[in-house]
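Listing of run_33.cif; format and content: mmCIF, C-alpha atoms.
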data_coords
loop_
_atom_site.group_PDB
_atom_site.id
_atom_site.type_symbol
_atom_site.label_atom_id
_atom_site.label_comp_id
_atom_site.auth_asym_id
_atom_site.auth_seq_id
_atom_site.Cartn_x
_atom_site.Cartn_y
_atom_site.Cartn_z
ATOM 1 C CA MET A 1 -33.245 -6.252 10.220
ATOM 2 C CA LYS A 2 -31.530 -9.560 9.568
ATOM 3 C CA ILE A 3 -28.084 -9.493 7.920
ATOM 4 C CA GLU A 4 -26.817 -12.668 6.283
ATOM 5 C CA VAL A 5 -23.361 -13.098 4.757
ATOM 6 C CA ARG A 6 -22.941 -15.592 1.944
ATOM 7 C CA PRO A 7 -20.441 -16.292 -0.847
ATOM 8 C CA TYR A 8 -20.636 -14.095 -3.927
ATOM 9 C CA ALA A 9 -22.584 -15.512 -6.878
ATOM 10 C CA ASP A 10 -22.308 -14.340 -10.483
ATOM 11 C CA ASP A 11 -25.815 -12.882 -10.409
ATOM 12 C CA ASP A 12 -24.688 -10.501 -7.597
ATOM 13 C CA TRP A 13 -22.559 -8.506 -10.051
ATOM 14 C CA ASP A 14 -25.085 -5.736 -10.815
ATOM 15 C CA ALA A 15 -25.757 -5.174 -7.114
ATOM 16 C CA ILE A 16 -22.107 -5.018 -6.040
ATOM 17 C CA ALA A 17 -21.215 -2.782 -9.004
ATOM 18 C CA ARG A 18 -23.975 -0.357 -8.005
ATOM 19 C CA ILE A 19 -22.884 -0.448 -4.348
ATOM 20 C CA HIS A 20 -19.201 0.029 -5.159
ATOM 21 C CA ASP A 21 -19.800 2.873 -7.570
ATOM 22 C CA ALA A 22 -21.959 4.814 -5.085
ATOM 23 C CA ALA A 23 -19.810 4.128 -2.017
ATOM 24 C CA ARG A 24 -16.494 4.711 -3.816
ATOM 25 C CA LEU A 25 -17.576 8.284 -4.508
ATOM 26 C CA ASP A 26 -18.029 8.800 -0.754
ATOM 27 C CA GLU A 27 -14.621 7.237 -0.118
ATOM 28 C CA LEU A 28 -12.878 9.522 -2.609
ATOM 29 C CA ARG A 29 -14.796 12.731 -1.859
ATOM 30 C CA HIS A 30 -12.702 13.668 1.192
ATOM 31 C CA SER A 31 -9.470 11.923 0.288
ATOM 32 C CA VAL A 32 -8.109 11.867 -3.257
ATOM 33 C CA GLY A 33 -11.002 13.661 -4.959
ATOM 34 C CA LEU A 34 -13.786 12.598 -7.294
ATOM 35 C CA ASP A 35 -11.627 12.886 -10.404
ATOM 36 C CA ALA A 36 -9.947 9.622 -9.317
ATOM 37 C CA PHE A 37 -13.217 7.664 -9.567
ATOM 38 C CA LEU A 38 -13.334 4.516 -11.686
ATOM 39 C CA THR A 39 -16.237 2.073 -11.760
ATOM 40 C CA LEU A 40 -16.108 -1.462 -10.441
ATOM 41 C CA ALA A 41 -16.350 -2.672 -14.029
ATOM 42 C CA GLN A 42 -13.101 -0.796 -14.744
ATOM 43 C CA THR A 43 -11.222 -1.937 -11.628
ATOM 44 C CA ALA A 44 -12.493 -5.365 -10.522
ATOM 45 C CA GLU A 45 -10.249 -7.456 -12.739
ATOM 46 C CA PRO A 46 -7.029 -5.391 -12.693
ATOM 47 C CA GLU A 47 -7.296 -4.829 -8.929
ATOM 48 C CA GLY A 48 -7.988 -8.490 -8.139
ATOM 49 C CA LEU A 49 -11.518 -8.443 -6.746
ATOM 50 C CA PHE A 50 -11.837 -12.158 -7.465
ATOM 51 C CA ASP A 51 -8.292 -13.168 -6.427
ATOM 52 C CA GLY A 52 -9.316 -14.280 -2.945
ATOM 53 C CA ARG A 53 -12.629 -14.907 -1.255
ATOM 54 C CA LEU A 54 -15.632 -12.663 -1.836
ATOM 55 C CA TRP A 55 -18.817 -12.465 0.213
ATOM 56 C CA VAL A 56 -21.968 -10.364 0.029
ATOM 57 C CA ALA A 57 -24.229 -9.250 2.852
ATOM 58 C CA GLU A 58 -27.943 -9.460 2.356
ATOM 59 C CA ALA A 59 -30.165 -7.247 4.481
ATOM 60 C CA ASP A 60 -33.870 -7.915 4.248
ATOM 61 C CA GLY A 61 -33.213 -10.148 1.237
ATOM 62 C CA GLU A 62 -31.270 -7.571 -0.820
ATOM 63 C CA VAL A 63 -27.522 -7.321 -1.393
ATOM 64 C CA ALA A 64 -26.406 -4.422 0.794
ATOM 65 C CA GLY A 65 -22.612 -4.735 0.763
ATOM 66 C CA PHE A 66 -19.607 -6.910 -0.009
ATOM 67 C CA VAL A 67 -16.176 -7.772 1.323
ATOM 68 C CA ALA A 68 -13.145 -9.435 -0.257
ATOM 69 C CA LEU A 69 -10.311 -11.159 1.561
ATOM 70 C CA ASP A 70 -7.071 -12.050 -0.220
ATOM 71 C CA ASP A 71 -4.788 -14.101 2.013
ATOM 72 C CA ASP A 72 -5.071 -12.144 5.273
ATOM 73 C CA GLU A 73 -5.858 -8.733 3.765
ATOM 74 C CA VAL A 74 -9.298 -7.170 3.516
ATOM 75 C CA THR A 75 -8.975 -5.773 0.008
ATOM 76 C CA TRP A 76 -12.517 -4.519 -0.622
ATOM 77 C CA LEU A 77 -15.332 -3.587 1.753
ATOM 78 C CA TYR A 78 -18.237 -1.502 0.491
ATOM 79 C CA VAL A 79 -21.754 -0.919 1.789
ATOM 80 C CA ASP A 80 -24.690 0.630 -0.035
ATOM 81 C CA PRO A 81 -24.679 4.302 1.058
ATOM 82 C CA GLN A 82 -28.410 4.061 1.760
ATOM 83 C CA ARG A 83 -27.578 1.317 4.303
ATOM 84 C CA TYR A 84 -24.691 3.028 6.143
ATOM 85 C CA ARG A 85 -24.631 2.745 9.941
ATOM 86 C CA GLN A 86 -26.875 -0.310 10.058
ATOM 87 C CA GLY A 87 -24.186 -2.826 11.065
ATOM 88 C CA ILE A 88 -23.653 -4.214 7.563
ATOM 89 C CA GLY A 89 -20.002 -3.154 7.253
ATOM 90 C CA ARG A 90 -19.224 -4.440 10.749
ATOM 91 C CA THR A 91 -20.927 -7.770 9.994
ATOM 92 C CA LEU A 92 -18.947 -8.138 6.745
ATOM 93 C CA LEU A 93 -15.695 -7.191 8.457
ATOM 94 C CA ARG A 94 -16.233 -9.670 11.286
ATOM 95 C CA HIS A 95 -16.972 -12.385 8.748
ATOM 96 C CA ALA A 96 -13.737 -11.686 6.858
ATOM 97 C CA VAL A 97 -11.691 -11.504 10.062
ATOM 98 C CA ALA A 98 -13.090 -14.853 11.202
ATOM 99 C CA ALA A 99 -12.010 -16.391 7.868
ATOM 100 C CA ALA A 100 -8.509 -14.879 7.972
ATOM 101 C CA GLY A 101 -5.412 -15.897 9.844
ATOM 102 C CA PRO A 102 -4.378 -14.519 13.224
ATOM 103 C CA ARG A 103 -3.189 -11.175 11.771
ATOM 104 C CA VAL A 104 -5.384 -9.234 9.338
ATOM 105 C CA GLU A 105 -4.448 -6.154 7.293
ATOM 106 C CA VAL A 106 -6.462 -3.389 5.657
ATOM 107 C CA THR A 107 -5.585 -0.036 4.111
ATOM 108 C CA VAL A 108 -7.863 2.955 4.696
ATOM 109 C CA LEU A 109 -7.587 6.151 2.679
ATOM 110 C CA ASP A 110 -6.683 9.243 4.669
ATOM 111 C CA GLY A 111 -9.838 11.357 4.793
ATOM 112 C CA ASN A 112 -12.174 8.409 5.433
ATOM 113 C CA PRO A 113 -12.751 8.669 9.207
ATOM 114 C CA ALA A 114 -15.869 6.470 9.166
ATOM 115 C CA ALA A 115 -13.908 3.529 7.748
ATOM 116 C CA GLU A 116 -11.003 4.154 10.087
ATOM 117 C CA ALA A 117 -13.417 4.187 13.064
ATOM 118 C CA LEU A 118 -15.042 0.939 11.913
ATOM 119 C CA TYR A 119 -11.697 -0.850 11.754
ATOM 120 C CA ALA A 120 -10.438 0.686 15.012
ATOM 121 C CA GLY A 121 -13.643 -0.417 16.709
ATOM 122 C CA GLU A 122 -12.847 -3.977 15.667
ATOM 123 C CA GLY A 123 -9.333 -3.882 17.095
ATOM 124 C CA PHE A 124 -7.327 -2.671 14.086
ATOM 125 C CA ILE A 125 -4.509 -0.234 14.765
ATOM 126 C CA VAL A 126 -2.594 1.957 12.325
ATOM 127 C CA THR A 127 0.835 0.436 11.878
ATOM 128 C CA GLU A 128 2.056 2.558 8.967
ATOM 129 C CA THR A 129 1.011 5.473 6.776
ATOM 130 C CA ARG A 130 2.152 5.622 3.156
ATOM 131 C CA THR A 131 1.709 8.037 0.286
ATOM 132 C CA GLY A 132 1.897 6.717 -3.257
ATOM 133 C CA PRO A 133 -0.182 5.739 -6.278
ATOM 134 C CA LEU A 134 -3.885 5.210 -5.564
ATOM 135 C CA VAL A 135 -4.770 1.542 -5.841
ATOM 136 C CA GLY A 136 -7.327 1.287 -8.621
ATOM 137 C CA ASN A 137 -6.268 4.493 -10.374
ATOM 138 C CA GLU A 138 -2.514 4.884 -10.219
ATOM 139 C CA ALA A 139 -2.639 8.256 -12.030
ATOM 140 C CA PHE A 140 -3.549 9.774 -8.651
ATOM 141 C CA THR A 141 -1.559 10.008 -5.435
ATOM 142 C CA ALA A 142 -3.148 8.966 -2.157
ATOM 143 C CA THR A 143 -2.237 8.585 1.481
ATOM 144 C CA GLY A 144 -3.301 5.344 3.092
ATOM 145 C CA HIS A 145 -3.244 4.115 6.655
ATOM 146 C CA ILE A 146 -2.199 0.479 6.861
ATOM 147 C CA MET A 147 -4.033 -1.083 9.780
ATOM 148 C CA HIS A 148 -3.521 -4.474 11.378
ATOM 149 C CA ARG A 149 -5.535 -6.577 13.741
ATOM 150 C CA GLY A 150 -3.894 -9.405 15.598
ATOM 151 C CA THR A 151 -5.272 -11.661 18.277
ATOM 152 C CA ALA A 152 -3.590 -9.507 20.924
ATOM 153 C CA THR A 153 -5.329 -6.349 19.659
ATOM 154 C CA ALA A 154 -8.867 -7.732 19.448
ATOM 155 C CA PRO A 155 -11.430 -5.969 21.635
ATOM 156 C CA ALA A 156 -13.641 -8.132 23.820
ATOM 157 C CA GLY A 157 -16.512 -9.578 21.816
ATOM 158 C CA ALA A 158 -15.081 -8.534 18.438
ATOM 159 C CA THR A 159 -15.454 -11.997 16.978
ATOM 160 C CA ASP A 160 -19.161 -12.335 17.892
#
The structure in this file should be written as structure tokens.
Amino acid sequence: MKIEVRPYADDDWDAIARIHDAARLDELRHSVGLDAFLTLAQTAEPEGLFDGRLWVAEADGEVAGFVALDDDEVTWLYVDPQRYRQGIGRTLLRHAVAAAGPRVEVTVLDGNPAAEALYAGEGFIVTETRTGPLVGNEAFTATGHIMHRGTATAPAGATD
């Protein structure tokens, strides 16, 4: 399978909305709970999806995931649940890290060990854990692990 990362185009909206909405349910299931779910259509604008740079990954010619980078923070990274564990998230993350500055930040919800393992595998370490309003649906409380990756924490070959 060939994975290509390219800038987001307006006609990618339906694909990324479908991917977000399916994957967000997985993200919330073991953390805050499904009652906190809001669609991408409800959260994209207020949560700044388009504030920074946005890329999509195509696998076999179909949009399979997306990542957003605002300054040096990975603010969104979602992969189609039917394409989990195929290297798409890692490819997107590496692309965003390569475009960022020397220190990159991400927040992972507590209860999302797959995401935490992905980031840790790319040299991110937990630098702080906070509990507060859930980004995207502030009516709910969540615990998030703030993770950072700096040039000194990068594993060998992580920027391949």
- prompt: Which one is closest to Pro46 (chain A): A:Leu69, A:Ala96, A:Val135, A:Ala142? Count all atoms listed in the file.
  reply: A:Val135
message: Show me the residues close to (1.3, 6.2, 1.2) - anything with an atom within 12 Å, counting all atoms listed in the file - and format the list as a list in words.
response: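 Applying the cut-off with all atoms listed in the file, one gets Val32, Thr107, Val108, Leu109, Asp110, Glu128, Thr129, Arg130, Thr131, Gly132, Pro133, Leu134, Val135, Phe140, Thr141, Ala142, Thr143, Gly144, His145 and Ile146 of chain A.
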task: Calculate how many Å separate CA of Gly123 (chain A) from CA of Val79 (chain A), rounding to one decimal.
output: 19.9 Å
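Each of A:Val106, A:Leu38, A:Val97, A:Ile125 was checked against Glu138 (chain A) using all atoms listed in the file; the smallest atom-to-atom distance is that of A:Leu38.
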Identify all residues satisfying the PyMOL selection byres ((chain A and resi 50-66) around 7) in the given file; provide them as a PDB file with C-alpha atoms, in the frame of the given file.
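Generated file (part-v4.pdb):
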ATOM      1  CA  MET A   1     -33.245  -6.252  10.220  1.00  0.00           C
ATOM      2  CA  LYS A   2     -31.530  -9.560   9.568  1.00  0.00           C
ATOM      3  CA  ILE A   3     -28.084  -9.493   7.920  1.00  0.00           C
ATOM      4  CA  GLU A   4     -26.817 -12.668   6.283  1.00  0.00           C
ATOM      5  CA  VAL A   5     -23.361 -13.098   4.757  1.00  0.00           C
ATOM      6  CA  ARG A   6     -22.941 -15.592   1.944  1.00  0.00           C
ATOM      7  CA  PRO A   7     -20.441 -16.292  -0.847  1.00  0.00           C
ATOM      8  CA  TYR A   8     -20.636 -14.095  -3.927  1.00  0.00           C
ATOM      9  CA  ALA A  15     -25.757  -5.174  -7.114  1.00  0.00           C
ATOM     10  CA  ILE A  16     -22.107  -5.018  -6.040  1.00  0.00           C
ATOM     11  CA  ILE A  19     -22.884  -0.448  -4.348  1.00  0.00           C
ATOM     12  CA  GLY A  48      -7.988  -8.490  -8.139  1.00  0.00           C
ATOM     13  CA  LEU A  49     -11.518  -8.443  -6.746  1.00  0.00           C
ATOM     14  CA  VAL A  67     -16.176  -7.772   1.323  1.00  0.00           C
ATOM     15  CA  ALA A  68     -13.145  -9.435  -0.257  1.00  0.00           C
ATOM     16  CA  LEU A  69     -10.311 -11.159   1.561  1.00  0.00           C
ATOM     17  CA  ASP A  70      -7.071 -12.050  -0.220  1.00  0.00           C
ATOM     18  CA  ASP A  71      -4.788 -14.101   2.013  1.00  0.00           C
ATOM     19  CA  LEU A  77     -15.332  -3.587   1.753  1.00  0.00           C
ATOM     20  CA  TYR A  78     -18.237  -1.502   0.491  1.00  0.00           C
ATOM     21  CA  VAL A  79     -21.754  -0.919   1.789  1.00  0.00           C
ATOM     22  CA  ASP A  80     -24.690   0.630  -0.035  1.00  0.00           C
ATOM     23  CA  ARG A  83     -27.578   1.317   4.303  1.00  0.00           C
ATOM     24  CA  ILE A  88     -23.653  -4.214   7.563  1.00  0.00           C
ATOM     25  CA  LEU A  92     -18.947  -8.138   6.745  1.00  0.00           C
TER      26      LEU A  92
END
query: What gap, in Å, lies between CA of Asp12 (chain A) and CA of Leu118 (chain A)?
result: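 Distance between the two atoms: 24.6 Å.
Closest approach to Ala120 (chain A) among A:Leu40, A:Pro102, A:Arg149, A:Tyr84 is made by A:Arg149 (distances from only C-alpha atoms).
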field: Atom pair CA of Ala139 (chain A) / CA of Glu105 (chain A): separation (Å)
entry: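 Computing it gives 24.2 Å between the two atoms.
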query: Pick from A:Ala114, A:Val74, A:Ala44, A:Ala9: nearest to Ala100 (chain A), with all atoms listed in the file counted?
result: A:Val74
